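Asker: work.pdb (PDB, C-alpha atoms) pasted underneath:
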ATOM      1  CA  MET B  40       0.000   0.000   0.000
ATOM      2  CA  ALA B  41       1.258   3.470  -0.914
ATOM      3  CA  ILE B  42       0.575   6.838   0.656
ATOM      4  CA  LYS B  43      -1.480   9.342  -1.340
ATOM      5  CA  GLN B  44      -0.082  12.889  -1.267
ATOM      6  CA  TYR B  45      -2.047  16.095  -1.896
ATOM      7  CA  ASN B  46      -1.160  19.374  -3.561
ATOM      8  CA  PRO B  47      -0.939  22.299  -1.097
ATOM      9  CA  THR B  48      -4.121  23.984  -2.361
ATOM     10  CA  THR B  49      -5.077  25.019   1.199
ATOM     11  CA  PRO B  50      -3.167  25.244   4.494
ATOM     12  CA  GLY B  51      -4.944  22.076   5.647
ATOM     13  CA  ARG B  52      -3.903  20.177   2.538
ATOM     14  CA  ARG B  53      -0.266  21.192   2.882
ATOM     15  CA  GLY B  54       1.488  18.145   4.288
ATOM     16  CA  MET B  55      -1.710  16.101   4.441
ATOM     17  CA  SER B  56      -1.626  12.513   3.221
ATOM     18  CA  SER B  57      -4.049   9.615   3.184
ATOM     19  CA  GLN B  58      -4.160   5.899   2.505
ATOM     20  CA  ASP B  59      -4.242   4.531  -1.012
ATOM     21  CA  PHE B  60      -7.371   2.377  -1.206
ATOM     22  CA  SER B  61      -6.365   0.582  -4.424
ATOM     23  CA  ASP B  62      -6.074  -2.732  -2.530
ATOM     24  CA  ILE B  63      -9.750  -2.604  -1.484
ATOM     25  CA  THR B  64     -11.939  -4.645  -3.828
ATOM     26  CA  THR B  65     -15.427  -3.592  -2.688
ATOM     27  CA  LYS B  66     -17.109  -0.669  -0.936
ATOM     28  CA  LYS B  67     -20.130  -2.675   0.220
ATOM     29  CA  PRO B  68     -19.653  -4.613   3.471
ATOM     30  CA  LEU B  69     -21.664  -7.767   4.133
ATOM     31  CA  ARG B  70     -24.798  -6.712   6.047
ATOM     32  CA  SER B  71     -25.061  -9.964   7.988
ATOM     33  CA  LEU B  72     -21.672  -9.237   9.576
ATOM     34  CA  LEU B  73     -22.475  -5.629  10.543
ATOM     35  CA  VAL B  74     -23.602  -4.452  13.969
ATOM     36  CA  ALA B  75     -24.823  -0.960  14.852
ATOM     37  CA  GLN B  76     -22.809   0.522  17.672
ATOM     38  CA  LYS B  77     -23.937   3.224  20.044
ATOM     39  CA  ARG B  78     -21.661   6.224  20.545
ATOM     40  CA  GLY B  79     -20.361   6.098  24.071
ATOM     41  CA  SER B  80     -18.278   9.277  23.679
ATOM     42  CA  GLY B  81     -15.859   7.947  26.268
ATOM     43  CA  ARG B  82     -18.516   7.479  28.941
ATOM     44  CA  ASN B  83     -19.161   4.470  31.171
ATOM     45  CA  ASN B  84     -22.508   2.963  32.178
ATOM     46  CA  THR B  85     -23.151   5.781  34.686
ATOM     47  CA  GLY B  86     -22.586   8.534  32.116
ATOM     48  CA  ARG B  87     -19.249   9.709  33.481
ATOM     49  CA  ILE B  88     -16.419  10.406  31.040
ATOM     50  CA  THR B  89     -13.769   7.754  31.653
ATOM     51  CA  VAL B  90     -11.837   8.277  28.396
ATOM     52  CA  ARG B  91     -11.274  11.911  27.490
ATOM     53  CA  HIS B  92     -11.169  13.501  24.042
ATOM     54  CA  LYS B  93     -13.775  11.243  22.444
ATOM     55  CA  GLY B  94     -17.030  12.260  20.783
ATOM     56  CA  GLY B  95     -18.669  13.119  17.495
ATOM     57  CA  GLY B  96     -17.225  11.751  14.277
ATOM     58  CA  ALA B  97     -18.677  10.033  11.242
ATOM     59  CA  LYS B  98     -21.235   7.294  11.787
ATOM     60  CA  LYS B  99     -19.911   3.753  11.322
ATOM     61  CA  PHE B 100     -20.978   0.152  11.750
ATOM     62  CA  TYR B 101     -18.912  -2.444  13.575
ATOM     63  CA  ARG B 102     -17.668  -5.361  11.456
ATOM     64  CA  ILE B 103     -17.829  -8.721  13.259
ATOM     65  CA  VAL B 104     -14.297 -10.054  12.800
ATOM     66  CA  ASN B 105     -13.674 -13.734  13.548
ATOM     67  CA  PHE B 106     -10.530 -13.840  15.713
ATOM     68  CA  ASN B 107     -11.098 -17.509  16.536
ATOM     69  CA  LEU B 108     -11.292 -19.235  13.155
ATOM     70  CA  ALA B 109     -11.913 -22.909  13.945
ATOM     71  CA  ILE B 110      -9.249 -25.476  13.113
ATOM     72  CA  GLY B 111     -10.485 -27.413  10.083
ATOM     73  CA  THR B 112     -11.869 -24.367   8.277
ATOM     74  CA  VAL B 113     -11.154 -23.962   4.561
ATOM     75  CA  ALA B 114     -12.366 -20.755   2.908
ATOM     76  CA  THR B 115     -11.800 -18.558  -0.123
ATOM     77  CA  VAL B 116     -11.037 -14.838  -0.020
ATOM     78  CA  GLU B 117     -13.865 -12.992  -1.789
ATOM     79  CA  HIS B 118     -13.013  -9.358  -1.005
ATOM     80  CA  ILE B 119     -10.520  -7.144   0.779
ATOM     81  CA  GLU B 120     -12.475  -4.446   2.633
ATOM     82  CA  TYR B 121     -11.928  -1.249   4.588
ATOM     83  CA  ASP B 122     -12.741  -1.364   8.299
ATOM     84  CA  PRO B 123     -13.314   2.022   9.995
ATOM     85  CA  ASN B 124     -12.834   0.457  13.438
ATOM     86  CA  ARG B 125      -9.207  -0.673  13.025
ATOM     87  CA  SER B 126      -6.017   0.217  11.181
ATOM     88  CA  ALA B 127      -5.758  -3.119   9.354
ATOM     89  CA  ARG B 128      -7.764  -4.214   6.322
ATOM     90  CA  ILE B 129     -10.201  -7.096   6.680
ATOM     91  CA  ALA B 130     -10.804  -9.976   4.279
ATOM     92  CA  ARG B 131     -14.249 -11.417   3.565
ATOM     93  CA  ILE B 132     -13.867 -15.190   3.286
ATOM     94  CA  LYS B 133     -16.470 -17.800   2.309
ATOM     95  CA  GLU B 134     -16.568 -21.458   3.317
ATOM     96  CA  PRO B 135     -17.775 -24.111   0.814
ATOM     97  CA  ASN B 136     -21.047 -24.401   2.792
ATOM     98  CA  GLY B 137     -21.765 -20.689   2.230
ATOM     99  CA  ILE B 138     -20.773 -19.334   5.665
ATOM    100  CA  TYR B 139     -19.013 -15.955   5.600
ATOM    101  CA  HIS B 140     -16.369 -14.619   7.973
ATOM    102  CA  TYR B 141     -14.301 -11.478   8.325
ATOM    103  CA  ILE B 142     -10.631 -12.011   9.215
ATOM    104  CA  LEU B 143      -7.631  -9.688   9.374
ATOM    105  CA  ALA B 144      -6.107  -9.326   5.921
ATOM    106  CA  ALA B 145      -2.457 -10.361   5.731
ATOM    107  CA  LYS B 146       0.027  -8.542   3.521
ATOM    108  CA  ASP B 147      -0.369  -9.385  -0.182
ATOM    109  CA  MET B 148      -3.593 -11.361   0.440
ATOM    110  CA  LYS B 149      -5.469 -11.652  -2.863
ATOM    111  CA  VAL B 150      -9.035 -12.313  -3.968
ATOM    112  CA  GLY B 151      -9.442 -16.017  -4.766
ATOM    113  CA  GLN B 152      -6.760 -17.121  -2.309
ATOM    114  CA  LYS B 153      -7.529 -20.221  -0.246
ATOM    115  CA  ILE B 154      -7.306 -19.821   3.546
ATOM    116  CA  HIS B 155      -6.674 -22.948   5.613
ATOM    117  CA  ALA B 156      -7.009 -23.248   9.376
ATOM    118  CA  ALA B 157      -5.678 -26.724  10.064
ATOM    119  CA  GLU B 158      -3.097 -28.752  11.975
ATOM    120  CA  ASP B 159      -1.192 -29.473   8.760
ATOM    121  CA  ALA B 160      -1.902 -26.242   6.852
ATOM    122  CA  ALA B 161       0.823 -24.984   4.522
ATOM    123  CA  ILE B 162       3.218 -22.399   5.941
ATOM    124  CA  GLU B 163       1.776 -19.623   3.783
ATOM    125  CA  SER B 164       0.618 -16.103   4.538
ATOM    126  CA  GLY B 165      -2.952 -16.009   5.868
ATOM    127  CA  ASN B 166      -3.151 -19.648   6.976
ATOM    128  CA  ARG B 167      -3.843 -20.375  10.645
ATOM    129  CA  LEU B 168      -2.117 -23.088  12.704
ATOM    130  CA  ARG B 169      -1.305 -24.019  16.270
ATOM    131  CA  LEU B 170       2.047 -22.700  17.484
ATOM    132  CA  LYS B 171       3.331 -26.261  17.908
ATOM    133  CA  ASN B 172       2.988 -26.768  14.117
ATOM    134  CA  ILE B 173       4.664 -23.499  13.080
ATOM    135  CA  PRO B 174       8.425 -23.608  12.283
ATOM    136  CA  ILE B 175      10.781 -21.642  14.510
ATOM    137  CA  GLY B 176      11.673 -18.268  13.010
ATOM    138  CA  SER B 177       8.316 -17.811  11.275
ATOM    139  CA  THR B 178       6.561 -14.459  11.152
ATOM    140  CA  ILE B 179       3.071 -14.578  12.676
ATOM    141  CA  HIS B 180       0.169 -12.332  13.734
ATOM    142  CA  ALA B 181      -3.267 -12.534  15.423
ATOM    143  CA  ILE B 182      -1.925 -14.646  18.282
ATOM    144  CA  GLU B 183      -3.984 -16.295  21.003
ATOM    145  CA  MET B 184      -2.937 -15.848  24.625
ATOM    146  CA  GLN B 185      -5.058 -18.735  25.908
ATOM    147  CA  PRO B 186      -6.144 -21.767  23.835
ATOM    148  CA  GLY B 187      -9.612 -21.292  22.369
ATOM    149  CA  ARG B 188      -9.983 -17.673  23.416
ATOM    150  CA  GLY B 189      -9.223 -16.156  20.016
ATOM    151  CA  ALA B 190      -6.524 -13.775  18.825
ATOM    152  CA  GLN B 191      -5.675 -10.997  21.287
ATOM    153  CA  MET B 192      -2.147  -9.918  20.305
ATOM    154  CA  VAL B 193      -0.553  -8.443  17.151
ATOM    155  CA  ARG B 194      -3.708  -7.286  15.364
ATOM    156  CA  SER B 195      -2.887  -3.778  14.036
ATOM    157  CA  ALA B 196      -1.704  -2.709  10.588
ATOM    158  CA  GLY B 197       1.831  -3.644   9.562
ATOM    159  CA  ASN B 198       2.529  -5.601  12.751
ATOM    160  CA  SER B 199       4.012  -9.059  13.143
ATOM    161  CA  ALA B 200       5.684 -11.236  15.763
ATOM    162  CA  GLN B 201       8.388 -13.877  15.454
ATOM    163  CA  LEU B 202       8.382 -17.405  16.849
ATOM    164  CA  MET B 203      11.759 -17.704  18.598
ATOM    165  CA  ALA B 204      11.781 -21.116  20.330
ATOM    166  CA  LYS B 205       9.695 -23.983  21.722
ATOM    167  CA  GLU B 206      10.274 -25.771  25.008
ATOM    168  CA  ASN B 207       8.340 -27.351  27.887
ATOM    169  CA  GLY B 208       4.961 -26.860  26.222
ATOM    170  CA  TYR B 209       5.464 -23.148  25.568
ATOM    171  CA  ALA B 210       6.620 -21.064  22.628
ATOM    172  CA  GLN B 211       8.821 -18.011  22.986
ATOM    173  CA  VAL B 212       7.355 -15.249  20.819
ATOM    174  CA  ARG B 213       9.003 -11.888  20.215
ATOM    175  CA  LEU B 214       6.262  -9.256  20.055
ATOM    176  CA  PRO B 215       6.386  -5.964  18.094
ATOM    177  CA  SER B 216       7.292  -4.095  21.305
ATOM    178  CA  GLY B 217      10.455  -6.203  21.679
ATOM    179  CA  GLU B 218       9.032  -8.208  24.576
ATOM    180  CA  VAL B 219       9.655 -11.958  24.469
ATOM    181  CA  ARG B 220       6.724 -13.839  25.956
ATOM    182  CA  LEU B 221       5.833 -17.472  26.682
ATOM    183  CA  ILE B 222       2.631 -18.689  24.990
ATOM    184  CA  ASN B 223       1.049 -22.128  25.186
ATOM    185  CA  LEU B 224       1.879 -24.273  22.133
ATOM    186  CA  GLU B 225      -1.827 -25.152  21.771
ATOM    187  CA  CYS B 226      -2.637 -21.515  20.965
ATOM    188  CA  THR B 227      -3.214 -20.578  17.323
ATOM    189  CA  ALA B 228      -1.711 -17.839  15.171
ATOM    190  CA  SER B 229      -1.938 -16.682  11.562
ATOM    191  CA  MET B 230       1.049 -16.731   9.245
ATOM    192  CA  GLY B 231       2.658 -13.614   7.791
ATOM    193  CA  VAL B 232       2.483  -9.863   8.368
ATOM    194  CA  ILE B 233      -0.726  -7.848   8.677
ATOM    195  CA  GLY B 234      -1.348  -5.655   5.638
ATOM    196  CA  ASN B 235      -1.750  -1.870   5.289
ATOM    197  CA  GLU B 236       1.780  -1.391   6.634
ATOM    198  CA  GLN B 237       1.949   2.276   5.572
ATOM    199  CA  HIS B 238      -0.877   3.232   7.940
ATOM    200  CA  GLN B 239       1.541   4.751  10.478
ATOM    201  CA  ASN B 240       2.903   7.186   7.869
ATOM    202  CA  VAL B 241      -0.416   8.932   7.200
ATOM    203  CA  LYS B 242      -0.442  12.610   8.239
ATOM    204  CA  ILE B 243      -3.792  13.876   9.503
ATOM    205  CA  GLY B 244      -3.080  17.401   8.259
ATOM    206  CA  LYS B 245      -5.880  19.356   9.948
ATOM    207  CA  ALA B 246      -7.984  19.387  13.109
ATOM    208  CA  GLY B 247     -11.262  18.819  11.265
ATOM    209  CA  ARG B 248     -10.061  15.448  10.032
ATOM    210  CA  SER B 249      -9.444  14.347  13.619
ATOM    211  CA  ARG B 250     -12.977  15.429  14.508
ATOM    212  CA  HIS B 251     -14.346  13.223  11.683
ATOM    213  CA  MET B 252     -12.485  10.344  13.361
ATOM    214  CA  GLY B 253     -14.210  11.035  16.676
ATOM    215  CA  ILE B 254     -11.170  12.609  18.359
ATOM    216  CA  ARG B 255     -11.888  15.793  20.312
ATOM    217  CA  PRO B 256      -9.249  18.412  21.176
ATOM    218  CA  GLY B 257      -6.784  17.937  24.010
ATOM    219  CA  VAL B 258      -5.549  20.847  26.153
ATOM    220  CA  ARG B 259      -2.195  20.985  27.952
ATOM    221  CA  GLY B 260      -2.341  21.040  31.709
ATOM    222  CA  VAL B 261       0.149  23.923  32.039
ATOM    223  CA  VAL B 262      -2.267  26.341  30.351
ATOM    224  CA  MET B 263      -5.111  25.483  32.758
ATOM    225  CA  ASN B 264      -5.960  27.060  36.080
ATOM    226  CA  ALA B 265      -4.615  25.493  39.254
ATOM    227  CA  ALA B 266      -8.118  24.299  40.112
ATOM    228  CA  ASP B 267      -8.350  22.310  36.899
ATOM    229  CA  HIS B 268      -4.985  20.554  36.698
ATOM    230  CA  PRO B 269      -1.922  19.871  38.894
ATOM    231  CA  HIS B 270       0.236  21.626  36.277
ATOM    232  CA  GLY B 271      -1.983  24.717  36.143
ATOM    233  CA  GLY B 272      -1.665  28.149  37.676
ATOM    234  CA  GLY B 273       1.278  30.550  37.816
ATOM    235  CA  ASP B 274       2.120  33.798  36.069
ATOM    236  CA  GLY B 275       2.942  32.221  32.724
ATOM    237  CA  GLY B 276       5.515  29.735  31.546
ATOM    238  CA  ARG B 277       5.651  26.172  32.808
ATOM    239  CA  HIS B 278       4.849  26.918  36.455
ATOM    240  CA  GLY B 279       3.147  24.217  38.438
ATOM    241  CA  MET B 280       4.823  21.323  36.624
ATOM    242  CA  GLY B 281       6.998  20.426  39.603
ATOM    243  CA  LYS B 282       9.351  17.465  39.508
ATOM    244  CA  ASP B 283       6.881  14.828  38.405
ATOM    245  CA  PRO B 284       4.222  15.238  35.686
ATOM    246  CA  ARG B 285       0.749  14.099  36.690
ATOM    247  CA  THR B 286      -2.666  13.423  35.216
ATOM    248  CA  PRO B 287      -5.587  15.819  35.865
ATOM    249  CA  TRP B 288      -6.508  13.592  38.837
ATOM    250  CA  GLY B 289      -3.067  13.681  40.421
ATOM    251  CA  GLN B 290      -1.714  10.277  39.386
ATOM    252  CA  LYS B 291       1.903  10.217  38.212
ATOM    253  CA  THR B 292       2.433   9.757  34.488
ATOM    254  CA  LEU B 293       5.162   9.763  31.793
ATOM    255  CA  GLY B 294       7.120   6.780  33.067
ATOM    256  CA  PHE B 295       5.067   5.854  36.105
ATOM    257  CA  LYS B 296       4.387   2.104  36.066
ATOM    258  CA  THR B 297       0.660   1.276  36.051
ATOM    259  CA  ARG B 298       0.797  -2.436  35.146
ATOM    260  CA  SER B 299      -1.450  -4.297  37.577
ATOM    261  CA  ARG B 300      -1.585  -7.885  36.282
ATOM    262  CA  LYS B 301       1.631  -9.009  37.966
ATOM    263  CA  ASN B 302       0.437 -12.630  37.914
ATOM    264  CA  THR B 303       1.377 -12.840  34.202
ATOM    265  CA  SER B 304       4.955 -11.675  34.777
ATOM    266  CA  GLN B 305       6.040 -15.322  34.872
ATOM    267  CA  PHE B 306       5.345 -15.534  31.130
ATOM    268  CA  ILE B 307       7.579 -12.568  30.218
ATOM    269  CA  VAL B 308      11.035 -13.865  29.258
ATOM    270  CA  ARG B 309      12.423 -10.489  28.182
ATOM    271  CA  SER B 310      10.868  -7.117  29.005
ATOM    272  CA  ARG B 311      10.091  -4.643  26.256
ATOM    273  CA  HIS B 312      12.267  -2.165  28.156
ATOM    274  CA  ALA B 313      15.370  -4.382  28.082
ATOM    275  CA  ALA B 314      16.639  -3.048  24.752
ATOM    276  CA  LYS B 315      16.200   0.564  25.904
ATOM    277  CA  ARG B 316      18.462   0.062  28.904
ATOM    278  CA  LYS B 317      21.496  -0.872  26.814
TER     279      LYS B 317
END
Once more with this new file: its structure as structure tokens, please.
Answerer:
Amino acid sequence: MAIKQYNPTTPGRRGMSSQDFSDITTKKPLRSLLVAQKRGSGRNNTGRITVRHKGGGAKKFYRIVNFNLAIGTVATVEHIEYDPNRSARIARIKEPNGIYHYILAAKDMKVGQKIHAAEDAAIESGNRLRLKNIPIGSTIHAIEMQPGRGAQMVRSAGNSAQLMAKENGYAQVRLPSGEVRLINLECTASMGVIGNEQHQNVKIGKAGRSRHMGIRPGVRGVVMNAADHPHGGGDGGRHGMGKDPRTPWGQKTLGFKTRSRKNTSQFIVRSRHAAKRK
């Protein structure tokens, strides 16, 4: 996928770029795999804003993506489609019995390609196997963390992980962050790299485009009043920052560790921070 550039006809267009949609084969999603989604605007079930800077944006339907394609499935790729809910493309696949699924589209996936989810599937991009049947050194994506739960890791555009080793019933997988993690060999993963790898190089270009995406403006804490933010107040400049930056509610941020699920630390072989310390 290439990046589409624009002529600087307006200040907003200067420097703006967008995705090239030439790889998309249809503009009509399958209605049976669409679900209407209510706009939460960052609010929880009591109406309080729990995620700031969300609201508005273009209306969109959620595509039901199958992250747990059953072993034994054989299907044909019918279309590569755009999904407004994720950075990756999705592929519409059809089983011989007429059942449709959406799956994440791997790089260079083509219409007419056969997708196999099997114990002895070929080591080809898009096929899905258990980790115990994947050769060491292979590039994979859409990885399960627990057998049967469906893919939870490595699902965004251009991402991939690498299978490093297998021992004692676990596979060592190097994730995009650099972390090496132990995953049960019975878990499944898809072969290859996720498509739309140029997604990260798109430049938004103007504030209005962010609003279409449902992203509302963010304001720096140092320009607020002292009553509104720990960084606020003062006679100008960066007064109120102090030694440690904090969130609007006083919790430390920018380096403060917030990881709470310490019970999974036993599965981390190499931290994602290890390479940064060298």
Asker: Name the residues that the PyMOL selection byres ((chain B and resi 63) around 8) picks from the file above, as a VMD selection string, using the file's chain letters and numbers.
Answerer: chain B and resid 60 to 62 64 to 66 118 to 121
Asker: Rounded to one decimal place, report the atom CA of Lys99 of chain B-atom CA of Gln152 of chain B distance in Å.
Answerer: 28.2 Å
Asker: Using only C-alpha atoms, which residue out of B:Arg194, B:Lys205, B:Arg53, B:Arg220 lies closest to Gln305 of chain B?
Answerer: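 Closest candidate: B:Arg220.
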Asker: Residues of segment 51-147 of chain B within 12 Å of segment 166-176 of chain B: nearest atom pair and distance (Å, one decimal) for each, counting only C-alpha atoms, sorted by chain and number, as CSV?
Answerer:
residue,atom,partner,partner_atom,distance
B:Phe106,CA,B:Arg167,CA,10.6
B:Asn107,CA,B:Arg167,CA,9.8
B:Leu108,CA,B:Arg167,CA,7.9
B:Ala109,CA,B:Arg167,CA,9.1
B:Ile110,CA,B:Leu168,CA,7.5
B:Gly111,CA,B:Arg167,CA,9.7
B:Thr112,CA,B:Arg167,CA,9.3
B:Val113,CA,B:Asn166,CA,9.4
B:Ala114,CA,B:Asn166,CA,10.1
B:Thr115,CA,B:Asn166,CA,11.2
B:Val116,CA,B:Asn166,CA,11.6
B:Ile142,CA,B:Arg167,CA,10.9
B:Leu143,CA,B:Asn166,CA,11.2
B:Ala144,CA,B:Asn166,CA,10.8
B:Ala145,CA,B:Asn166,CA,9.4
Asker: For the residues selected in the previous step, produce a file with C-alpha atoms as a PDB file, keeping the file's coordinate frame.
Answerer:
ATOM      1  CA  PHE B 106     -10.530 -13.840  15.713  1.00  0.00           C
ATOM      2  CA  ASN B 107     -11.098 -17.509  16.536  1.00  0.00           C
ATOM      3  CA  LEU B 108     -11.292 -19.235  13.155  1.00  0.00           C
ATOM      4  CA  ALA B 109     -11.913 -22.909  13.945  1.00  0.00           C
ATOM      5  CA  ILE B 110      -9.249 -25.476  13.113  1.00  0.00           C
ATOM      6  CA  GLY B 111     -10.485 -27.413  10.083  1.00  0.00           C
ATOM      7  CA  THR B 112     -11.869 -24.367   8.277  1.00  0.00           C
ATOM      8  CA  VAL B 113     -11.154 -23.962   4.561  1.00  0.00           C
ATOM      9  CA  ALA B 114     -12.366 -20.755   2.908  1.00  0.00           C
ATOM     10  CA  THR B 115     -11.800 -18.558  -0.123  1.00  0.00           C
ATOM     11  CA  VAL B 116     -11.037 -14.838  -0.020  1.00  0.00           C
ATOM     12  CA  ILE B 142     -10.631 -12.011   9.215  1.00  0.00           C
ATOM     13  CA  LEU B 143      -7.631  -9.688   9.374  1.00  0.00           C
ATOM     14  CA  ALA B 144      -6.107  -9.326   5.921  1.00  0.00           C
ATOM     15  CA  ALA B 145      -2.457 -10.361   5.731  1.00  0.00           C
TER      16      ALA B 145
END
Asker: Which residue gives the smallest distance to Arg125 of chain B among B:His238, B:Arg70, B:Lys149, B:Arg82, with all atoms listed in the file counted?
Answerer: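 Answer, going by the shortest atom-to-atom distance: B:His238.
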Asker: Within 12 Å of segment 288-300 of chain B, counting all atoms listed in the file, which residues qualify if same-chain residues fewer than 3 places away don't, as a PyMOL selection string?
Answerer: chain B and resi 89+260+265-271+280-285+303-307+312
Asker: Give me, please, the distance in Å between atom CA of Ala41 of chain B and atom CA of Ala130 of chain B, quoted to one decimal.
Answerer: 18.8 Å
Asker: Given the choices B:Ser310, B:Ser216, B:Ser249, B:Ser57, which gets closest to Met192 of chain B if the distance is worked out from only C-alpha atoms?
Answerer: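 Distance minimum relative to Met192 of chain B lands on B:Ser216.
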Asker: Using the chain letters and numbering of this document, enumerate as a PyMOL selection string the residues selected by the PyMOL selection byres ((chain B and resi 177) around 10).
Answerer: chain B and resi 162+173-176+178-179+199-203+212+230-231
Asker: When you draw a straight line from atom CA of Glu183 of chain B to atom CA of Ser229 of chain B, how long is it in Å?
Answerer: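 A separation of 9.7 Å between them.
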Asker: Could you tell me, as a list in words, exactly which residues end up selected when the PyMOL selection byres ((chain B and resi 126) around 9) is applied to this structure?
Answerer: Tyr121, Asp122, Pro123, Asn124, Arg125, Ala127, Arg128, Arg194, Ser195, Ala196, Gly197, Asn235, His238 and Gln239 of chain B
Asker: Show me the residues close to (-3.8, -19.2, 24.5) - anything with an atom within 10 Å, counting all atoms listed in the file - and format the list as JSON, numbers by chain.
Answerer: {"B": [169, 170, 182, 183, 184, 185, 186, 187, 188, 189, 190, 191, 222, 223, 224, 225, 226, 227, 228]}
Asker: Counting all atoms listed in the file, I want the residues whose atoms come within 9 Å of (-21.6, -14.5, 7.2) in the file frame, returned as a ChimeraX atom specification.
Answerer: /B:69-72,131-133,137-141
Asker: Excluding segment 43-45 of chain B and any residue of its chain fewer than 4 positions from it, enumerate the residues within 9 Å of it, using only C-alpha atoms, and give them as JSON, numbers by chain.
Answerer: {"B": [52, 53, 54, 55, 56, 57, 58, 59, 241]}
Asker: Using only C-alpha atoms, which of B:Gly247, B:Gly165, B:Gly208, B:Gly257 sits nearest Val90 of chain B?
Answerer: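 Among the listed residues, B:Gly257 lies closest to Val90 of chain B.
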Asker: From the block you just saw, export segment 124-184 of chain B: C-alpha atoms, as an mmCIF file, in the first residue's frame.
Answerer:
data_model
loop_
_atom_site.group_PDB
_atom_site.id
_atom_site.type_symbol
_atom_site.label_atom_id
_atom_site.label_comp_id
_atom_site.auth_asym_id
_atom_site.auth_seq_id
_atom_site.Cartn_x
_atom_site.Cartn_y
_atom_site.Cartn_z
ATOM 1 C CA ASN B 124 -12.834 0.457 13.438
ATOM 2 C CA ARG B 125 -9.207 -0.673 13.025
ATOM 3 C CA SER B 126 -6.017 0.217 11.181
ATOM 4 C CA ALA B 127 -5.758 -3.119 9.354
ATOM 5 C CA ARG B 128 -7.764 -4.214 6.322
ATOM 6 C CA ILE B 129 -10.201 -7.096 6.680
ATOM 7 C CA ALA B 130 -10.804 -9.976 4.279
ATOM 8 C CA ARG B 131 -14.249 -11.417 3.565
ATOM 9 C CA ILE B 132 -13.867 -15.190 3.286
ATOM 10 C CA LYS B 133 -16.470 -17.800 2.309
ATOM 11 C CA GLU B 134 -16.568 -21.458 3.317
ATOM 12 C CA PRO B 135 -17.775 -24.111 0.814
ATOM 13 C CA ASN B 136 -21.047 -24.401 2.792
ATOM 14 C CA GLY B 137 -21.765 -20.689 2.230
ATOM 15 C CA ILE B 138 -20.773 -19.334 5.665
ATOM 16 C CA TYR B 139 -19.013 -15.955 5.600
ATOM 17 C CA HIS B 140 -16.369 -14.619 7.973
ATOM 18 C CA TYR B 141 -14.301 -11.478 8.325
ATOM 19 C CA ILE B 142 -10.631 -12.011 9.215
ATOM 20 C CA LEU B 143 -7.631 -9.688 9.374
ATOM 21 C CA ALA B 144 -6.107 -9.326 5.921
ATOM 22 C CA ALA B 145 -2.457 -10.361 5.731
ATOM 23 C CA LYS B 146 0.027 -8.542 3.521
ATOM 24 C CA ASP B 147 -0.369 -9.385 -0.182
ATOM 25 C CA MET B 148 -3.593 -11.361 0.440
ATOM 26 C CA LYS B 149 -5.469 -11.652 -2.863
ATOM 27 C CA VAL B 150 -9.035 -12.313 -3.968
ATOM 28 C CA GLY B 151 -9.442 -16.017 -4.766
ATOM 29 C CA GLN B 152 -6.760 -17.121 -2.309
ATOM 30 C CA LYS B 153 -7.529 -20.221 -0.246
ATOM 31 C CA ILE B 154 -7.306 -19.821 3.546
ATOM 32 C CA HIS B 155 -6.674 -22.948 5.613
ATOM 33 C CA ALA B 156 -7.009 -23.248 9.376
ATOM 34 C CA ALA B 157 -5.678 -26.724 10.064
ATOM 35 C CA GLU B 158 -3.097 -28.752 11.975
ATOM 36 C CA ASP B 159 -1.192 -29.473 8.760
ATOM 37 C CA ALA B 160 -1.902 -26.242 6.852
ATOM 38 C CA ALA B 161 0.823 -24.984 4.522
ATOM 39 C CA ILE B 162 3.218 -22.399 5.941
ATOM 40 C CA GLU B 163 1.776 -19.623 3.783
ATOM 41 C CA SER B 164 0.618 -16.103 4.538
ATOM 42 C CA GLY B 165 -2.952 -16.009 5.868
ATOM 43 C CA ASN B 166 -3.151 -19.648 6.976
ATOM 44 C CA ARG B 167 -3.843 -20.375 10.645
ATOM 45 C CA LEU B 168 -2.117 -23.088 12.704
ATOM 46 C CA ARG B 169 -1.305 -24.019 16.270
ATOM 47 C CA LEU B 170 2.047 -22.700 17.484
ATOM 48 C CA LYS B 171 3.331 -26.261 17.908
ATOM 49 C CA ASN B 172 2.988 -26.768 14.117
ATOM 50 C CA ILE B 173 4.664 -23.499 13.080
ATOM 51 C CA PRO B 174 8.425 -23.608 12.283
ATOM 52 C CA ILE B 175 10.781 -21.642 14.510
ATOM 53 C CA GLY B 176 11.673 -18.268 13.010
ATOM 54 C CA SER B 177 8.316 -17.811 11.275
ATOM 55 C CA THR B 178 6.561 -14.459 11.152
ATOM 56 C CA ILE B 179 3.071 -14.578 12.676
ATOM 57 C CA HIS B 180 0.169 -12.332 13.734
ATOM 58 C CA ALA B 181 -3.267 -12.534 15.423
ATOM 59 C CA ILE B 182 -1.925 -14.646 18.282
ATOM 60 C CA GLU B 183 -3.984 -16.295 21.003
ATOM 61 C CA MET B 184 -2.937 -15.848 24.625
#
